[in-house]
Every structure is written in structure tokens, then in C-alpha cells.
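*Asks:* As input, take run.csv (CSV, C-alpha atoms):
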```
chain,number,residue,atom,x,y,z
A,14,VAL,CA,6.4,-54.1,-16.8
A,15,LYS,CA,3.0,-52.6,-17.7
A,16,THR,CA,2.5,-51.4,-14.1
A,17,SER,CA,6.1,-49.9,-14.0
A,18,PHE,CA,5.4,-48.1,-17.3
A,19,ALA,CA,2.0,-46.8,-16.0
A,20,SER,CA,3.6,-45.7,-12.8
A,21,MET,CA,6.4,-43.8,-14.7
A,22,LYS,CA,3.8,-42.3,-17.0
A,23,ALA,CA,1.7,-41.1,-14.1
A,24,SER,CA,4.8,-39.7,-12.4
A,25,ALA,CA,5.9,-37.9,-15.6
A,26,THR,CA,2.4,-36.4,-16.0
A,27,THR,CA,2.4,-35.2,-12.4
A,28,ALA,CA,5.8,-33.7,-12.8
A,29,GLY,CA,4.8,-32.0,-16.0
A,30,LEU,CA,1.8,-30.4,-14.3
A,31,ALA,CA,3.9,-29.3,-11.4
A,32,VAL,CA,6.4,-27.7,-13.8
A,33,GLY,CA,3.5,-26.0,-15.6
A,34,VAL,CA,2.0,-24.6,-12.4
A,35,LEU,CA,5.5,-23.5,-11.2
A,36,GLY,CA,6.1,-21.7,-14.6
A,37,ALA,CA,2.7,-20.0,-14.4
A,38,ASN,CA,3.4,-18.8,-10.9
A,39,LEU,CA,6.8,-17.5,-11.9
A,40,ILE,CA,5.3,-15.5,-14.7
A,41,LYS,CA,2.6,-14.2,-12.5
A,42,GLY,CA,5.2,-13.2,-9.8
A,43,ALA,CA,7.3,-11.4,-12.5
A,44,LYS,CA,4.3,-9.5,-13.7
A,45,MET,CA,3.3,-8.4,-10.2
A,46,ALA,CA,6.9,-7.3,-9.4
A,47,SER,CA,7.0,-5.3,-12.7
A,48,SER,CA,3.6,-3.7,-11.8
A,49,LEU,CA,4.8,-2.8,-8.4
A,50,GLN,CA,8.1,-1.3,-9.7
A,51,ASN,CA,6.1,0.7,-12.3
A,52,THR,CA,3.9,2.2,-9.5
A,53,TYR,CA,7.0,3.3,-7.6
A,54,VAL,CA,8.4,4.9,-10.8
A,55,GLU,CA,5.1,6.7,-11.3
A,56,ASN,CA,5.3,7.9,-7.7
A,57,SER,CA,8.8,9.1,-8.2
A,58,ASN,CA,7.7,11.0,-11.4
A,59,LEU,CA,4.8,12.6,-9.6
A,60,MET,CA,6.9,13.8,-6.7
A,61,SER,CA,9.6,15.2,-9.1
A,62,THR,CA,6.9,16.9,-11.1
A,63,ALA,CA,5.5,18.4,-7.9
A,64,GLY,CA,8.9,20.0,-7.3
A,65,GLU,CA,10.6,17.7,-4.9
A,66,LYS,CA,14.4,17.4,-5.3
A,67,GLN,CA,15.5,14.2,-7.0
A,68,ALA,CA,17.8,13.1,-4.1
A,69,GLU,CA,14.9,13.5,-1.7
A,70,VAL,CA,12.5,11.7,-4.0
A,71,GLN,CA,14.9,8.7,-4.4
A,72,LYS,CA,15.5,8.5,-0.7
A,73,ASN,CA,11.8,8.6,0.1
A,74,VAL,CA,10.8,6.1,-2.7
A,75,ASN,CA,13.4,3.7,-1.2
A,76,LYS,CA,11.8,4.2,2.2
A,77,MET,CA,8.3,3.7,0.7
A,78,GLN,CA,9.5,0.4,-0.8
A,79,ALA,CA,11.0,-0.8,2.5
A,80,ASP,CA,8.0,0.3,4.5
A,81,GLY,CA,5.7,-1.3,1.9
A,82,LYS,CA,7.4,-4.7,2.4
A,83,LYS,CA,7.2,-4.4,6.1
A,84,TYR,CA,3.6,-3.1,6.2
A,85,SER,CA,2.4,-5.8,3.8
A,86,VAL,CA,3.4,-8.5,6.2
A,87,GLU,CA,2.4,-6.5,9.3
A,88,TYR,CA,-1.1,-5.4,8.1
A,89,GLY,CA,-1.9,-8.0,5.4
A,90,GLU,CA,-2.2,-5.5,2.6
A,91,SER,CA,-0.5,-6.2,-0.7
A,92,GLN,CA,2.6,-4.2,-1.5
A,93,GLN,CA,0.9,-3.1,-4.7
A,94,ASN,CA,-2.1,-1.6,-2.8
A,95,ILE,CA,0.3,0.1,-0.4
A,96,ALA,CA,2.3,1.6,-3.4
A,97,LYS,CA,-1.0,2.8,-4.9
A,98,GLY,CA,-1.9,4.2,-1.5
A,99,TYR,CA,1.3,6.3,-1.5
A,100,GLN,CA,0.3,7.4,-5.1
A,101,GLU,CA,-3.1,8.5,-3.9
A,102,LEU,CA,-1.5,10.6,-1.2
A,103,ILE,CA,0.9,12.1,-3.6
A,104,LYS,CA,-1.8,12.9,-6.1
A,105,ARG,CA,-3.8,14.6,-3.3
A,106,GLY,CA,-0.8,17.0,-2.9
A,107,TYR,CA,1.0,15.3,-0.1
A,108,THR,CA,4.8,15.5,-0.2
A,109,SER,CA,6.8,12.3,0.0
A,110,THR,CA,7.5,12.9,3.7
A,111,GLN,CA,3.8,13.6,4.4
A,112,ALA,CA,2.9,10.3,2.6
A,113,LEU,CA,5.4,8.4,4.6
A,114,GLY,CA,4.1,9.9,7.8
A,115,SER,CA,0.5,9.0,7.0
A,116,MET,CA,0.6,5.4,5.7
A,117,LYS,CA,1.1,3.4,8.9
A,118,SER,CA,-1.9,5.1,10.7
A,119,ILE,CA,-4.1,4.6,7.7
A,120,LEU,CA,-3.2,0.9,7.5
A,121,GLN,CA,-3.7,0.5,11.2
A,122,ALA,CA,-7.2,2.1,11.0
A,123,SER,CA,-8.1,-0.1,8.0
A,124,LYS,CA,-7.2,-3.2,9.9
A,125,ALA,CA,-8.7,-2.1,13.2
A,126,SER,CA,-12.0,-1.2,11.6
A,127,GLY,CA,-12.1,-4.0,9.1
A,128,ASP,CA,-12.8,-1.4,6.3
A,129,ASP,CA,-11.3,-1.5,2.9
A,130,PHE,CA,-7.9,0.2,2.7
A,131,ASP,CA,-8.9,2.5,-0.2
A,132,ASP,CA,-12.0,3.7,1.6
A,133,THR,CA,-10.0,4.3,4.8
A,134,MET,CA,-7.4,6.2,2.8
A,135,LYS,CA,-9.9,8.5,1.1
A,136,VAL,CA,-11.9,9.3,4.2
A,137,THR,CA,-8.9,9.8,6.5
A,138,THR,CA,-7.1,12.1,4.0
A,139,SER,CA,-10.2,14.1,3.2
A,140,THR,CA,-10.9,14.6,6.9
A,141,LEU,CA,-7.3,15.7,7.5
A,142,GLU,CA,-7.6,18.2,4.7
A,143,ALA,CA,-11.0,19.5,5.7
A,144,PHE,CA,-9.8,20.3,9.2
A,145,GLY,CA,-6.5,21.8,8.1
A,146,MET,CA,-4.5,19.0,9.8
A,147,LYS,CA,-2.1,18.3,6.9
A,148,SER,CA,1.4,19.2,8.1
A,149,ASN,CA,4.8,19.6,6.4
A,150,ASN,CA,6.4,18.2,9.5
A,151,THR,CA,6.6,14.4,9.4
A,152,ALA,CA,6.2,13.9,13.1
A,153,THR,CA,3.1,16.2,13.2
A,154,GLN,CA,1.7,14.5,10.1
A,155,MET,CA,2.1,11.1,11.8
A,156,LYS,CA,0.4,12.4,14.9
A,157,ASN,CA,-2.5,14.1,13.1
A,158,THR,CA,-3.1,11.1,10.8
A,159,SER,CA,-3.1,8.8,13.8
A,160,LYS,CA,-5.5,11.1,15.7
A,161,VAL,CA,-8.0,11.4,12.7
A,162,ALA,CA,-7.8,7.7,11.8
A,163,ASN,CA,-8.3,6.6,15.4
A,164,ALA,CA,-11.3,9.0,15.9
A,165,LEU,CA,-12.9,7.7,12.7
A,166,ALA,CA,-12.3,4.1,13.6
A,167,MET,CA,-13.8,4.6,17.0
A,168,ALA,CA,-16.8,6.5,15.6
A,169,ALA,CA,-17.4,3.7,13.0
A,170,ASP,CA,-17.2,1.1,15.8
A,171,ALA,CA,-19.5,3.0,18.2
A,172,THR,CA,-22.1,3.7,15.5
A,173,SER,CA,-21.9,0.3,13.7
A,174,THR,CA,-21.0,2.1,10.5
A,175,ASN,CA,-17.8,2.2,8.4
A,176,PHE,CA,-15.4,4.7,7.0
A,177,THR,CA,-17.4,5.1,3.8
A,178,ASP,CA,-20.5,6.0,5.7
A,179,LEU,CA,-18.6,8.4,7.9
A,180,GLY,CA,-17.0,10.0,4.9
```
As C-alpha cells, how would this structure be written, given the file I've shared?
*Replies:*
Amino acid sequence: VKTSFASMKASATTAGLAVGVLGANLIKGAKMASSLQNTYVENSNLMSTAGEKQAEVQKNVNKMQADGKKYSVEYGESQQNIAKGYQELIKRGYTSTQALGSMKSILQASKASGDDFDDTMKVTTSTLEAFGMKSNNTATQMKNTSKVANALAMAADATSTNFTDLG
């Protein structure tokens, strides 16, 4: 009887710990989801304030969210960092379509070079702007961002430096 009771007590303790860990993870997940949603709301507000039409803003925020989910899995960057990356682009004066056209190439460059996503974002965008390569056309923006990001990644690799040093 004592061993049965001890076994049940141990099982109950283990189950209690598991429930506690599960509860903590659920709370953490809810906070992360809320933070992510808040970032996209901020992005939406920034785009509207910059003069983009509300229908266009909503369409592109939905696209950013869908791309963020896909890119997170594809490139191993958190959805929150990707949402903040879109925000960085918007704050730098990029329209929502320009931001959408730039994100994939910046993520690819970050992963190819092994450099921090934020550093890759800042150096790539400042280089695009310095050489007048920012475009209102999404296809051209994608092409230009890819060209700059690839050139920077190759230069970093060839010279054993990183995006920050090149910036």
C-alpha cells in the first residue's frame, strides 16, 4: 500500500509540474502572439500616417503576416523579428509594397552570410538608398534589393568581413 501511495504521489507531482510548464508555455505563447499583433497594428498605423490608402494598407499587412509565417519557417527568423523588419523599412520611408518587395532578399542575405538580420536590414537598405535604387515598382524593388544584398553578401564572404563592417 505504501509503494502504491508513493507511486501515485510521484505521478501526481509529475503531472502537476507538467501542467505548470504547459500553463507557463501557453501564457508565453499568448504574450508573443499579442506582441506580434501589436507590431502589425503599429505597421498599419505607420503606413496610414504616411498616406497609404486604408484598403491597400490592410491588403499589404495581411500579405506581410502571411509572408512572415512562411519566411519564419523558411529562413529561421522569428515572426516578431520579421514584423519588426517590415516596421524598420516603413520607418525608413518605404511603402508597404516596397517593404514586401525587399524582405525576402534581406532574409536570404542574412542567412547566406550568417550575419544578424537587423544588421543585414540596415546595411542593405542604406546601400539601396545611397545609390538611388529604391523603387516604387515592386518588381524593380525586389530586383534591386536582391542585387544589393547579393553583392554585399559576396563582398563580406570574399573579404572575411560582415554586413556591419561593410556598412
*Asks:* If you measure from CA of Tyr88 in chain A to CA of Gly106 in chain A, what distance in Å do you get, rounded to one decimal?
*Replies:* 25.0 Å
*Asks:* Please determine, counting all atoms listed in the file, which residue among A:Ser126, A:Asn149, A:Ser85, A:Asn157 has the shortest atom-to-atom distance to Ser109 in chain A.
*Replies:*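 Closest residue, counting all atoms listed in the file: A:Asn149.
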*Asks:* Sorted by chain and rising residue number, list the residues of range 104-149 of chain A at most 9 Å from range 73-80 of chain A (counting only C-alpha atoms), each with its closest atom pair and distance in Å to one decimal, as CSV.
*Replies:*
```
residue,atom,partner,partner_atom,distance
A:Ser109,CA,A:Asn73,CA,6.2
A:Thr110,CA,A:Asn73,CA,7.1
A:Ala112,CA,A:Met77,CA,8.7
A:Leu113,CA,A:Met77,CA,6.8
A:Lys117,CA,A:Asp80,CA,8.8
```
*Asks:* Do a neighbour search on range 162-168 of chain A at 7 Å with all atoms listed in the file, toss out local chain neighbours closer than 5 positions, and write the hits as a list in words.
*Replies:*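 Final neighbour list, sorted by chain and number: Ser118, Ile119, Ala122, Ser126, Thr137 and Phe176 of chain A.
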*Asks:* Could you tell me how far CA of Thr151 in chain A sits from CA of Ser61 in chain A, in Å to one decimal place?
*Replies:*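 Atom-to-atom, CA of Ser61 in chain A to CA of Thr151 in chain A, that is 18.8 Å.
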*Asks:* Which is closest to Asp132 in chain A among A:Ser57, A:Gln67, A:Thr177, A:Ser91, if we use only C-alpha atoms?
*Replies:*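 Of all the options, A:Thr177 lies closest to Asp132 in chain A.
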*Asks:* Give me the residues near Gly89 in chain A as a ChimeraX atom specification, where near means some atom within 12 Å (using all atoms listed in the file) and where sequence neighbours in that chain fewer than 2 positions away do not count.
*Replies:* /A:81-87,91-95,120-121,123-125,127,129-130
*Asks:* For CA of Met60 in chain A and CA of Gly114 in chain A, quote the distance in Å rounded to one decimal.
*Replies:*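 These two atoms are separated by 15.3 Å.
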*Asks:* Check which residues of range 97-124 of chain A sit at most 10 Å from range 46-55 of chain A using only C-alpha atoms, and return one row each with the closest pair of atoms and their distance in Å to one decimal, ordered by chain and rising number, as JSON lines.
*Replies:*
```
{"residue": "A:Lys97", "atom": "CA", "partner": "A:Thr52", "partner_atom": "CA", "distance": 6.7}
{"residue": "A:Tyr99", "atom": "CA", "partner": "A:Tyr53", "partner_atom": "CA", "distance": 8.9}
{"residue": "A:Gln100", "atom": "CA", "partner": "A:Thr52", "partner_atom": "CA", "distance": 7.7}
```
*Asks:* Write the residues of the preceding selection, restricted to C-alpha atoms, as an mmCIF file, keeping the file's coordinate frame.
*Replies:*
```cif
data_model
loop_
_atom_site.group_PDB
_atom_site.id
_atom_site.type_symbol
_atom_site.label_atom_id
_atom_site.label_comp_id
_atom_site.auth_asym_id
_atom_site.auth_seq_id
_atom_site.Cartn_x
_atom_site.Cartn_y
_atom_site.Cartn_z
ATOM 1 C CA LYS A 97 -1.000 2.800 -4.900
ATOM 2 C CA TYR A 99 1.300 6.300 -1.500
ATOM 3 C CA GLN A 100 0.300 7.400 -5.100
#
```
*Asks:* Counting all atoms listed in the file, which residue out of A:Glu90, A:Ala96, A:Lys104, A:Thr158 sits closest to Ala63 in chain A?
*Replies:*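 Closest residue, counting all atoms listed in the file: A:Lys104.
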*Asks:* Pick from A:Met116, A:Thr27, A:Ile103, A:Gln154: nearest to Gly64 in chain A, with all atoms listed in the file counted?
*Replies:* A:Ile103
